[in-house]
Amino acid sequence: MTKRIALASVVLLGLAASALAAAGEYRTVEVESLRITIDSEWGQRTAPGYIPIRVELANLGEARVVEIVALGNRYFMRSRAGGWQGATNVRQTVRLARGDRIKFTMPLPAFADNENIRFEIHEGGRVLERFSYTSFQSRVSANDAAVLLVADPSSAFGKVAGSWPRPSGYSASPFVLVPGPPPTASVRGRPVAPPPLDFLLEPARLPTSWLGFTSVRAVIVGGNEWGQLSEAQKSALLTWTGSGGDLVIVDGDPGAVLPSQGRSLAATPYPKTRAYLFGRIHSPTLAEVTASGLAGTLSAADTLQDSNFGLPANRTSDWGVIAARGFRLPIPGVDGVPARSYLFILVLFSLLIGPANFWLLLRARRPVLLVLTTPIVSALFIVLLAGYVVAGEGFGVRARAATITMLDEVRKQAVTRASISLYAAGMTPAGGLRFPRDVAIFAIGPEGTGSRDEQTIDLSESQRFASGAIQARSPTNLEEIAFRSARERLGITPSADGVMVVNGLGGNVVALVYRQGGTLYTLSGPLPSGGKALLKTGAVRGTEIVPASLPLSVRLQHLFEHVPDGAYLAVLERSPFWDPGVPSVDERGSFHVVIGWPEGQPS
């Protein structure tokens, strides 16, 4: 038996290595006057996030409507004894006029230990073309995730970057990779070596959706390669960076990458590392990276980044932690499914529809009426159960969110990180959950490791989770990252008695701390939206503002007590910066923090 297990392990290890070597596909086909290019090559070991699929369609015939379909299955390793499987169905409809040629990026959520995805092109209910399966491992730790090197083979950077990728190792499980020595398994007598952990792409092949970069540890671009990127690719990279990514521009001009708009950099040289909202832009020389190596470069970047707000998203210290009853954030007034009440109603139903019903009809000497009383009793109990659910919970969605928003009032940009728990009472929201296409959504499920249910996602007009993300009377947990233009602001004017503020943040302010010139100013009471108030000097205690039960509470308490100079921290009663995914929610017990920079974020 032991020999069989060992042999099976070696075979699985060999198959896993072969699959990894073949992961991703870059192929062009032409079928029925439609030229299709699918580019799914990406890092084979990624953190939870999105895998970017680059698609190019050229219509050589009449106007048509086609659909890109990604059919996937995913495997979660619970332990070495086994795990569970799930499925993914992602679709995007594309309308093409005659002669149209379009390029776009289709971001696919990936968060399992092993993801296998096959792409199909549909038209009029039939399959035009099928592509091969693409395999990824998407639940590795942030530090073990792949790094993307954007390199032109003909540039000085491209000629040396090929030697930088770190080697990958294997764990005892063929589905989970961890750092370690290379495997000793062999196929047909030849050793099976794992592919490199990190990967290279030419500039033209970069995604145009920032969501695609959420699955990699960092992106390293040569200065020459940065100049070859399109504006859409640059925008995607900068959005990802502002959301918490580490962008490394080797031998690049920092001013050309992100021109300064803040006063603190107006008359000073650009630093080697610049803060950009939650992320960092690093500008080392090629000689410095070559001397430090890729691992050393990443280690140096780690010391300058707050991992709790960095990307990949699972860098945060409490990633996937579930507080109670399947909720990451327990919602006041929601105690979960009333299992005991449902069980009592079910037992009562069983007794009445069976023994009691039969006994009463037997006493009345009319057992033939059993065919009539059984459906009547069933209907009555359906009404009773539905009435109990409606009376106890009603309809609608209850929500609790903990959000933190970085707001640069000079650039008019905001990034929001949110932990969200939802509870749909009565029934699942019609259409599921709907988010903008450029918002990163991590459906971490009731256990914090991802949803087991089949996910159906439509990317045609928005990012609509038609199924698999939320169910009636079940905990729903999401992590959300959103980047957007922002006109919200807090007007600040110095005065003889302190600092005058005007609330333009789009919600009532319940607490406010502002530091300027080393002096701390606080708000004495709530400030309604559009209202004015005078801030006065005074100290604060973070424990009195931030509840200890919230995610990252200790980090937030520290921030309130050590506000950076030139910044403010405001607690909002309701926040305009996050999206619950449904038109309206009953928000309970949420906590919303805004870190604002009235004069621009310094580096």
# chains A, B, ... in the order shown; residues from 1 in each chain; ligands from 1
$ select_by_dssp --residues "stretch 128-170 of chain A" --states "alpha helix (DSSP H)" --output "list in words"
Ala156, Phe157, Gly158, Lys159, Val160 and Ala161 of chain A
$ write_last_selection --atoms "C-alpha atoms" --output "short mmCIF file (atom, residue, chain, number, x, y, z; two decimals), in the first residue's frame"
data_model
loop_
_atom_site.label_atom_id
_atom_site.label_comp_id
_atom_site.auth_asym_id
_atom_site.auth_seq_id
_atom_site.Cartn_x
_atom_site.Cartn_y
_atom_site.Cartn_z
CA ALA A 156 19.88 46.45 -21.86
CA PHE A 157 17.35 45.61 -19.17
CA GLY A 158 15.87 42.76 -21.19
CA LYS A 159 19.27 41.17 -21.79
CA VAL A 160 19.93 40.71 -18.07
CA ALA A 161 16.37 40.34 -16.71
#
$ residues_around --residues "A:Lys234" --least-positions-apart "6" --cutoff "9 Å" --atoms "only C-alpha atoms" --output "PyMOL selection string"
chain A and resi 208+226+257
$ write_last_selection --atoms "C-alpha atoms" --output "PDB file, in the first residue's frame"
ATOM      1  CA  THR A 208      -4.919  46.977 -19.836  1.00  0.00           C
ATOM      2  CA  TRP A 226       8.023  51.920 -19.774  1.00  0.00           C
ATOM      3  CA  VAL A 257       6.219  57.906 -14.358  1.00  0.00           C
TER       4      VAL A 257
END
$ residues_around --residues "A:Ser553" --least-positions-apart "3" --cutoff "12 Å" --atoms "only C-alpha atoms" --output "PyMOL selection string"
chain A and resi 308+317-318+402-404+542-550+556-560+591+593
$ residues_around --residues "A:Asn116" --least-positions-apart "6" --cutoff "10 Å" --atoms "only C-alpha atoms" --output "count of residues only"
17
$ select_by_dssp --residues "stretch 253-457 of chain A" --states "strand (DSSP E or B)" --output "MDAnalysis selection string"
chainID A and resid 273:276 279:282 324 327 396:408 413:425 433:435 440:443 455:457
$ residues_around --residues "stretch 146-149 of chain A" --least-positions-apart "2" --cutoff "9 Å" --atoms "only C-alpha atoms" --output "PDB file with N, CA and C atoms, in the first residue's frame"
ATOM      1  N   TRP A  42       0.716  33.649 -17.994  1.00  0.00           N
ATOM      2  CA  TRP A  42       0.849  34.461 -16.789  1.00  0.00           C
ATOM      3  C   TRP A  42       1.653  33.676 -15.773  1.00  0.00           C
ATOM      4  N   GLY A  43       1.899  34.288 -14.630  1.00  0.00           N
ATOM      5  CA  GLY A  43       2.619  33.582 -13.571  1.00  0.00           C
ATOM      6  C   GLY A  43       1.870  32.337 -13.151  1.00  0.00           C
ATOM      7  N   GLN A  44       2.596  31.255 -12.935  1.00  0.00           N
ATOM      8  CA  GLN A  44       1.955  29.987 -12.600  1.00  0.00           C
ATOM      9  C   GLN A  44       1.674  29.859 -11.113  1.00  0.00           C
ATOM     10  N   ARG A  45       2.348  30.628 -10.305  1.00  0.00           N
ATOM     11  CA  ARG A  45       2.091  30.663  -8.862  1.00  0.00           C
ATOM     12  C   ARG A  45       1.708  32.090  -8.506  1.00  0.00           C
ATOM     13  N   THR A  46       0.461  32.300  -8.183  1.00  0.00           N
ATOM     14  CA  THR A  46      -0.017  33.648  -7.934  1.00  0.00           C
ATOM     15  C   THR A  46      -0.753  33.717  -6.604  1.00  0.00           C
ATOM     16  N   ALA A  47      -0.879  34.916  -6.100  1.00  0.00           N
ATOM     17  CA  ALA A  47      -1.682  35.163  -4.911  1.00  0.00           C
ATOM     18  C   ALA A  47      -3.154  35.259  -5.314  1.00  0.00           C
ATOM     19  N   ALA A 142       1.654  35.874  -0.254  1.00  0.00           N
ATOM     20  CA  ALA A 142       2.043  37.032  -1.056  1.00  0.00           C
ATOM     21  C   ALA A 142       3.527  37.010  -1.397  1.00  0.00           C
ATOM     22  N   ASN A 143       4.369  36.665  -0.434  1.00  0.00           N
ATOM     23  CA  ASN A 143       5.811  36.687  -0.671  1.00  0.00           C
ATOM     24  C   ASN A 143       6.263  35.587  -1.615  1.00  0.00           C
ATOM     25  N   ASP A 144       5.445  34.535  -1.764  1.00  0.00           N
ATOM     26  CA  ASP A 144       5.805  33.434  -2.654  1.00  0.00           C
ATOM     27  C   ASP A 144       5.158  33.558  -4.024  1.00  0.00           C
ATOM     28  N   ALA A 151      10.013  43.099 -20.018  1.00  0.00           N
ATOM     29  CA  ALA A 151      11.332  43.225 -20.630  1.00  0.00           C
ATOM     30  C   ALA A 151      11.257  43.096 -22.144  1.00  0.00           C
ATOM     31  N   GLY A 158      16.358  44.058 -20.758  1.00  0.00           N
ATOM     32  CA  GLY A 158      15.867  42.763 -21.187  1.00  0.00           C
ATOM     33  C   GLY A 158      16.956  41.719 -21.300  1.00  0.00           C
ATOM     34  N   ALA A 161      17.527  40.701 -17.530  1.00  0.00           N
ATOM     35  CA  ALA A 161      16.368  40.335 -16.711  1.00  0.00           C
ATOM     36  C   ALA A 161      16.027  38.857 -16.818  1.00  0.00           C
ATOM     37  N   GLY A 162      16.408  38.214 -17.934  1.00  0.00           N
ATOM     38  CA  GLY A 162      16.091  36.800 -18.100  1.00  0.00           C
ATOM     39  C   GLY A 162      16.739  35.909 -17.070  1.00  0.00           C
ATOM     40  N   TRP A 164      17.038  36.760 -13.850  1.00  0.00           N
ATOM     41  CA  TRP A 164      16.580  37.155 -12.515  1.00  0.00           C
ATOM     42  C   TRP A 164      15.520  36.258 -11.895  1.00  0.00           C
ATOM     43  N   PRO A 165      14.607  35.629 -12.669  1.00  0.00           N
ATOM     44  CA  PRO A 165      13.531  34.864 -12.030  1.00  0.00           C
ATOM     45  C   PRO A 165      14.043  33.865 -11.004  1.00  0.00           C
ATOM     46  N   ARG A 166      13.369  33.843  -9.878  1.00  0.00           N
ATOM     47  CA  ARG A 166      13.719  32.943  -8.780  1.00  0.00           C
ATOM     48  C   ARG A 166      13.222  31.534  -9.081  1.00  0.00           C
ATOM     49  N   PRO A 196      10.616  28.409 -13.490  1.00  0.00           N
ATOM     50  CA  PRO A 196      10.936  29.535 -12.602  1.00  0.00           C
ATOM     51  C   PRO A 196       9.672  30.090 -11.961  1.00  0.00           C
ATOM     52  N   LEU A 197       9.846  30.664 -10.792  1.00  0.00           N
ATOM     53  CA  LEU A 197       8.715  31.266 -10.087  1.00  0.00           C
ATOM     54  C   LEU A 197       8.237  32.517 -10.813  1.00  0.00           C
ATOM     55  N   ASP A 198       9.148  33.378 -11.201  1.00  0.00           N
ATOM     56  CA  ASP A 198       8.804  34.656 -11.832  1.00  0.00           C
ATOM     57  C   ASP A 198       8.774  34.504 -13.351  1.00  0.00           C
ATOM     58  N   PHE A 199       8.216  35.476 -14.041  1.00  0.00           N
ATOM     59  CA  PHE A 199       8.030  35.336 -15.481  1.00  0.00           C
ATOM     60  C   PHE A 199       8.228  36.673 -16.177  1.00  0.00           C
ATOM     61  N   LEU A 200       8.533  36.615 -17.480  1.00  0.00           N
ATOM     62  CA  LEU A 200       8.776  37.797 -18.301  1.00  0.00           C
ATOM     63  C   LEU A 200       7.694  37.932 -19.358  1.00  0.00           C
ATOM     64  N   LEU A 201       7.336  39.183 -19.640  1.00  0.00           N
ATOM     65  CA  LEU A 201       6.444  39.498 -20.752  1.00  0.00           C
ATOM     66  C   LEU A 201       7.002  40.704 -21.496  1.00  0.00           C
ATOM     67  N   GLU A 202       6.803  40.714 -22.802  1.00  0.00           N
ATOM     68  CA  GLU A 202       7.176  41.892 -23.573  1.00  0.00           C
ATOM     69  C   GLU A 202       6.162  43.007 -23.321  1.00  0.00           C
ATOM     70  N   PHE A 213      -3.069  42.664 -12.409  1.00  0.00           N
ATOM     71  CA  PHE A 213      -1.820  42.717 -11.651  1.00  0.00           C
ATOM     72  C   PHE A 213      -2.008  42.356 -10.181  1.00  0.00           C
ATOM     73  N   SER A 215      -2.685  39.680  -8.829  1.00  0.00           N
ATOM     74  CA  SER A 215      -2.256  38.325  -8.492  1.00  0.00           C
ATOM     75  C   SER A 215      -0.743  38.185  -8.381  1.00  0.00           C
ATOM     76  N   VAL A 216       0.040  39.227  -8.711  1.00  0.00           N
ATOM     77  CA  VAL A 216       1.502  39.116  -8.672  1.00  0.00           C
ATOM     78  C   VAL A 216       2.067  39.879  -7.483  1.00  0.00           C
ATOM     79  N   ARG A 217       3.273  39.486  -7.093  1.00  0.00           N
ATOM     80  CA  ARG A 217       3.922  40.117  -5.944  1.00  0.00           C
ATOM     81  C   ARG A 217       4.394  41.527  -6.260  1.00  0.00           C
ATOM     82  N   ALA A 218       4.952  41.741  -7.433  1.00  0.00           N
ATOM     83  CA  ALA A 218       5.465  43.054  -7.835  1.00  0.00           C
ATOM     84  C   ALA A 218       5.604  43.075  -9.346  1.00  0.00           C
ATOM     85  N   VAL A 219       5.762  44.259  -9.895  1.00  0.00           N
ATOM     86  CA  VAL A 219       6.009  44.425 -11.329  1.00  0.00           C
ATOM     87  C   VAL A 219       7.294  45.233 -11.486  1.00  0.00           C
ATOM     88  N   ILE A 220       8.221  44.706 -12.284  1.00  0.00           N
ATOM     89  CA  ILE A 220       9.497  45.371 -12.534  1.00  0.00           C
ATOM     90  C   ILE A 220       9.589  45.683 -14.023  1.00  0.00           C
ATOM     91  N   VAL A 221       9.754  46.955 -14.339  1.00  0.00           N
ATOM     92  CA  VAL A 221       9.743  47.425 -15.719  1.00  0.00           C
ATOM     93  C   VAL A 221      11.046  48.172 -15.999  1.00  0.00           C
ATOM     94  N   GLY A 222      11.629  47.922 -17.143  1.00  0.00           N
ATOM     95  CA  GLY A 222      12.783  48.700 -17.552  1.00  0.00           C
ATOM     96  C   GLY A 222      12.367  50.094 -17.993  1.00  0.00           C
TER      97      GLY A 222
END
$ closest_residue --among "A:Thr493, A:Thr105, A:Thr28, A:Ser292" --to "A:Pro207" --atoms "only C-alpha atoms"
A:Thr105
$ closest_residue --among "A:Thr316, A:Thr449, A:Gln516, A:Thr428" --to "A:Arg555" --atoms "only C-alpha atoms"
A:Thr316
$ residues_around --residues "A:Asp586" --least-positions-apart "3" --cutoff "12 Å" --atoms "only C-alpha atoms" --output "list of chain:residue names"
A:Ile331, A:Pro332, A:Gly333, A:Val334, A:Glu393, A:Gly394, A:Phe395, A:Gly396, A:Val397, A:Arg398, A:Ala399, A:Arg400, A:Ala401, A:Ser421, A:Leu422, A:Tyr423, A:Ala424, A:Ala425, A:Arg574, A:Pro580, A:Val582, A:Pro583, A:Gly589, A:Ser590
$ closest_atom_pairs --of "stretch 474-538 of chain A" --to "stretch 564-573 of chain A" --cutoff "8 Å" --atoms "only C-alpha atoms" --output "JSON lines"
{"residue": "A:Gly507", "atom": "CA", "partner": "A:Leu572", "partner_atom": "CA", "distance": 6.0}
{"residue": "A:Asn508", "atom": "CA", "partner": "A:Glu573", "partner_atom": "CA", "distance": 5.4}
{"residue": "A:Val509", "atom": "CA", "partner": "A:Leu572", "partner_atom": "CA", "distance": 4.6}
{"residue": "A:Val510", "atom": "CA", "partner": "A:Val571", "partner_atom": "CA", "distance": 5.6}
{"residue": "A:Ala511", "atom": "CA", "partner": "A:Val571", "partner_atom": "CA", "distance": 5.1}
{"residue": "A:Leu512", "atom": "CA", "partner": "A:Ala570", "partner_atom": "CA", "distance": 4.4}
{"residue": "A:Val513", "atom": "CA", "partner": "A:Leu569", "partner_atom": "CA", "distance": 5.3}
{"residue": "A:Tyr514", "atom": "CA", "partner": "A:Tyr568", "partner_atom": "CA", "distance": 4.1}
{"residue": "A:Arg515", "atom": "CA", "partner": "A:Asp565", "partner_atom": "CA", "distance": 5.1}
{"residue": "A:Gln516", "atom": "CA", "partner": "A:Gly566", "partner_atom": "CA", "distance": 5.0}
{"residue": "A:Gly517", "atom": "CA", "partner": "A:Asp565", "partner_atom": "CA", "distance": 6.5}
{"residue": "A:Gly518", "atom": "CA", "partner": "A:Asp565", "partner_atom": "CA", "distance": 6.4}
$ closest_residue --among "A:Glu62, A:Asp306, A:Glu488, A:Asp152" --to "A:Gln413" --atoms "only C-alpha atoms"
A:Glu488
$ decode --residues "stretch 518-552 of chain A" --atoms "N, CA and C atoms" --output "JSON list (two decimals), in the first residue's frame"
[["chain", "number", "residue", "atom", "x", "y", "z"],
["A", 518, "GLY", "N", 3.16, 69.71, 13.42],
["A", 518, "GLY", "CA", 3.40, 69.01, 14.67],
["A", 518, "GLY", "C", 2.29, 69.18, 15.70],
["A", 519, "THR", "N", 1.29, 69.98, 15.42],
["A", 519, "THR", "CA", 0.17, 70.21, 16.35],
["A", 519, "THR", "C", -1.02, 69.35, 15.94],
["A", 520, "LEU", "N", -1.65, 68.73, 16.94],
["A", 520, "LEU", "CA", -2.79, 67.86, 16.70],
["A", 520, "LEU", "C", -4.08, 68.62, 16.98],
["A", 521, "TYR", "N", -5.01, 68.56, 16.04],
["A", 521, "TYR", "CA", -6.32, 69.22, 16.19],
["A", 521, "TYR", "C", -7.40, 68.15, 16.14],
["A", 522, "THR", "N", -8.43, 68.32, 16.96],
["A", 522, "THR", "CA", -9.50, 67.34, 17.02],
["A", 522, "THR", "C", -10.87, 68.00, 16.92],
["A", 523, "LEU", "N", -11.85, 67.20, 16.58],
["A", 523, "LEU", "CA", -13.24, 67.65, 16.46],
["A", 523, "LEU", "C", -13.97, 67.32, 17.76],
["A", 524, "SER", "N", -14.71, 68.27, 18.27],
["A", 524, "SER", "CA", -15.37, 68.08, 19.57],
["A", 524, "SER", "C", -16.70, 67.33, 19.46],
["A", 525, "GLY", "N", -17.34, 67.31, 18.30],
["A", 525, "GLY", "CA", -18.63, 66.65, 18.14],
["A", 525, "GLY", "C", -18.88, 66.30, 16.69],
["A", 526, "PRO", "N", -19.99, 65.60, 16.39],
["A", 526, "PRO", "CA", -20.29, 65.21, 14.99],
["A", 526, "PRO", "C", -20.40, 66.43, 14.08],
["A", 527, "LEU", "N", -20.01, 66.21, 12.84],
["A", 527, "LEU", "CA", -20.04, 67.28, 11.83],
["A", 527, "LEU", "C", -20.84, 66.78, 10.63],
["A", 528, "PRO", "N", -22.03, 67.34, 10.37],
["A", 528, "PRO", "CA", -22.85, 66.86, 9.25],
["A", 528, "PRO", "C", -22.21, 67.20, 7.91],
["A", 529, "SER", "N", -22.64, 66.50, 6.89],
["A", 529, "SER", "CA", -22.14, 66.77, 5.54],
["A", 529, "SER", "C", -22.47, 68.19, 5.15],
["A", 530, "GLY", "N", -21.46, 68.94, 4.69],
["A", 530, "GLY", "CA", -21.63, 70.34, 4.33],
["A", 530, "GLY", "C", -21.51, 71.30, 5.48],
["A", 531, "GLY", "N", -21.37, 70.80, 6.70],
["A", 531, "GLY", "CA", -21.29, 71.66, 7.86],
["A", 531, "GLY", "C", -19.89, 72.18, 8.13],
["A", 532, "LYS", "N", -19.81, 73.21, 9.03],
["A", 532, "LYS", "CA", -18.54, 73.80, 9.43],
["A", 532, "LYS", "C", -18.33, 73.55, 10.92],
["A", 533, "ALA", "N", -17.05, 73.50, 11.31],
["A", 533, "ALA", "CA", -16.72, 73.32, 12.72],
["A", 533, "ALA", "C", -15.31, 73.82, 12.97],
["A", 534, "LEU", "N", -15.04, 74.16, 14.22],
["A", 534, "LEU", "CA", -13.72, 74.63, 14.62],
["A", 534, "LEU", "C", -12.98, 73.51, 15.33],
["A", 535, "LEU", "N", -11.81, 73.15, 14.80],
["A", 535, "LEU", "CA", -10.97, 72.15, 15.46],
["A", 535, "LEU", "C", -10.09, 72.84, 16.48],
["A", 536, "LYS", "N", -9.90, 72.17, 17.60],
["A", 536, "LYS", "CA", -9.04, 72.71, 18.64],
["A", 536, "LYS", "C", -7.97, 71.70, 19.00],
["A", 537, "THR", "N", -6.90, 72.21, 19.56],
["A", 537, "THR", "CA", -5.78, 71.33, 19.90],
["A", 537, "THR", "C", -6.20, 70.36, 21.00],
["A", 538, "GLY", "N", -5.62, 69.17, 20.95],
["A", 538, "GLY", "CA", -5.91, 68.17, 21.97],
["A", 538, "GLY", "C", -5.42, 66.81, 21.55],
["A", 539, "ALA", "N", -5.13, 65.97, 22.54],
["A", 539, "ALA", "CA", -4.66, 64.61, 22.27],
["A", 539, "ALA", "C", -5.84, 63.67, 22.08],
["A", 540, "VAL", "N", -5.59, 62.51, 21.46],
["A", 540, "VAL", "CA", -6.62, 61.51, 21.25],
["A", 540, "VAL", "C", -6.09, 60.14, 21.69],
["A", 541, "ARG", "N", -7.03, 59.26, 21.97],
["A", 541, "ARG", "CA", -6.70, 57.86, 22.27],
["A", 541, "ARG", "C", -7.37, 57.00, 21.21],
["A", 542, "GLY", "N", -6.55, 56.26, 20.49],
["A", 542, "GLY", "CA", -7.09, 55.45, 19.40],
["A", 542, "GLY", "C", -8.11, 54.44, 19.86],
["A", 543, "THR", "N", -7.95, 53.91, 21.06],
["A", 543, "THR", "CA", -8.89, 52.91, 21.56],
["A", 543, "THR", "C", -10.29, 53.48, 21.78],
["A", 544, "GLU", "N", -10.39, 54.80, 21.92],
["A", 544, "GLU", "CA", -11.70, 55.43, 22.10],
["A", 544, "GLU", "C", -12.39, 55.71, 20.77],
["A", 545, "ILE", "N", -11.66, 55.58, 19.68],
["A", 545, "ILE", "CA", -12.23, 55.86, 18.36],
["A", 545, "ILE", "C", -12.47, 54.57, 17.58],
["A", 546, "VAL", "N", -11.50, 53.65, 17.63],
["A", 546, "VAL", "CA", -11.55, 52.43, 16.83],
["A", 546, "VAL", "C", -11.94, 51.25, 17.71],
["A", 547, "PRO", "N", -13.08, 50.59, 17.45],
["A", 547, "PRO", "CA", -13.46, 49.41, 18.22],
["A", 547, "PRO", "C", -12.43, 48.29, 18.06],
["A", 548, "ALA", "N", -12.15, 47.61, 19.15],
["A", 548, "ALA", "CA", -11.13, 46.57, 19.14],
["A", 548, "ALA", "C", -11.53, 45.35, 18.31],
["A", 549, "SER", "N", -12.83, 45.19, 18.03],
["A", 549, "SER", "CA", -13.30, 44.02, 17.29],
["A", 549, "SER", "C", -13.13, 44.13, 15.79],
["A", 550, "LEU", "N", -12.73, 45.29, 15.29],
["A", 550, "LEU", "CA", -12.63, 45.48, 13.84],
["A", 550, "LEU", "C", -11.34, 44.89, 13.28],
["A", 551, "PRO", "N", -11.34, 44.51, 11.98],
["A", 551, "PRO", "CA", -10.09, 44.11, 11.34],
["A", 551, "PRO", "C", -9.07, 45.25, 11.41],
["A", 552, "LEU", "N", -7.82, 44.90, 11.66],
["A", 552, "LEU", "CA", -6.71, 45.87, 11.73],
["A", 552, "LEU", "C", -6.96, 46.96, 12.76]]
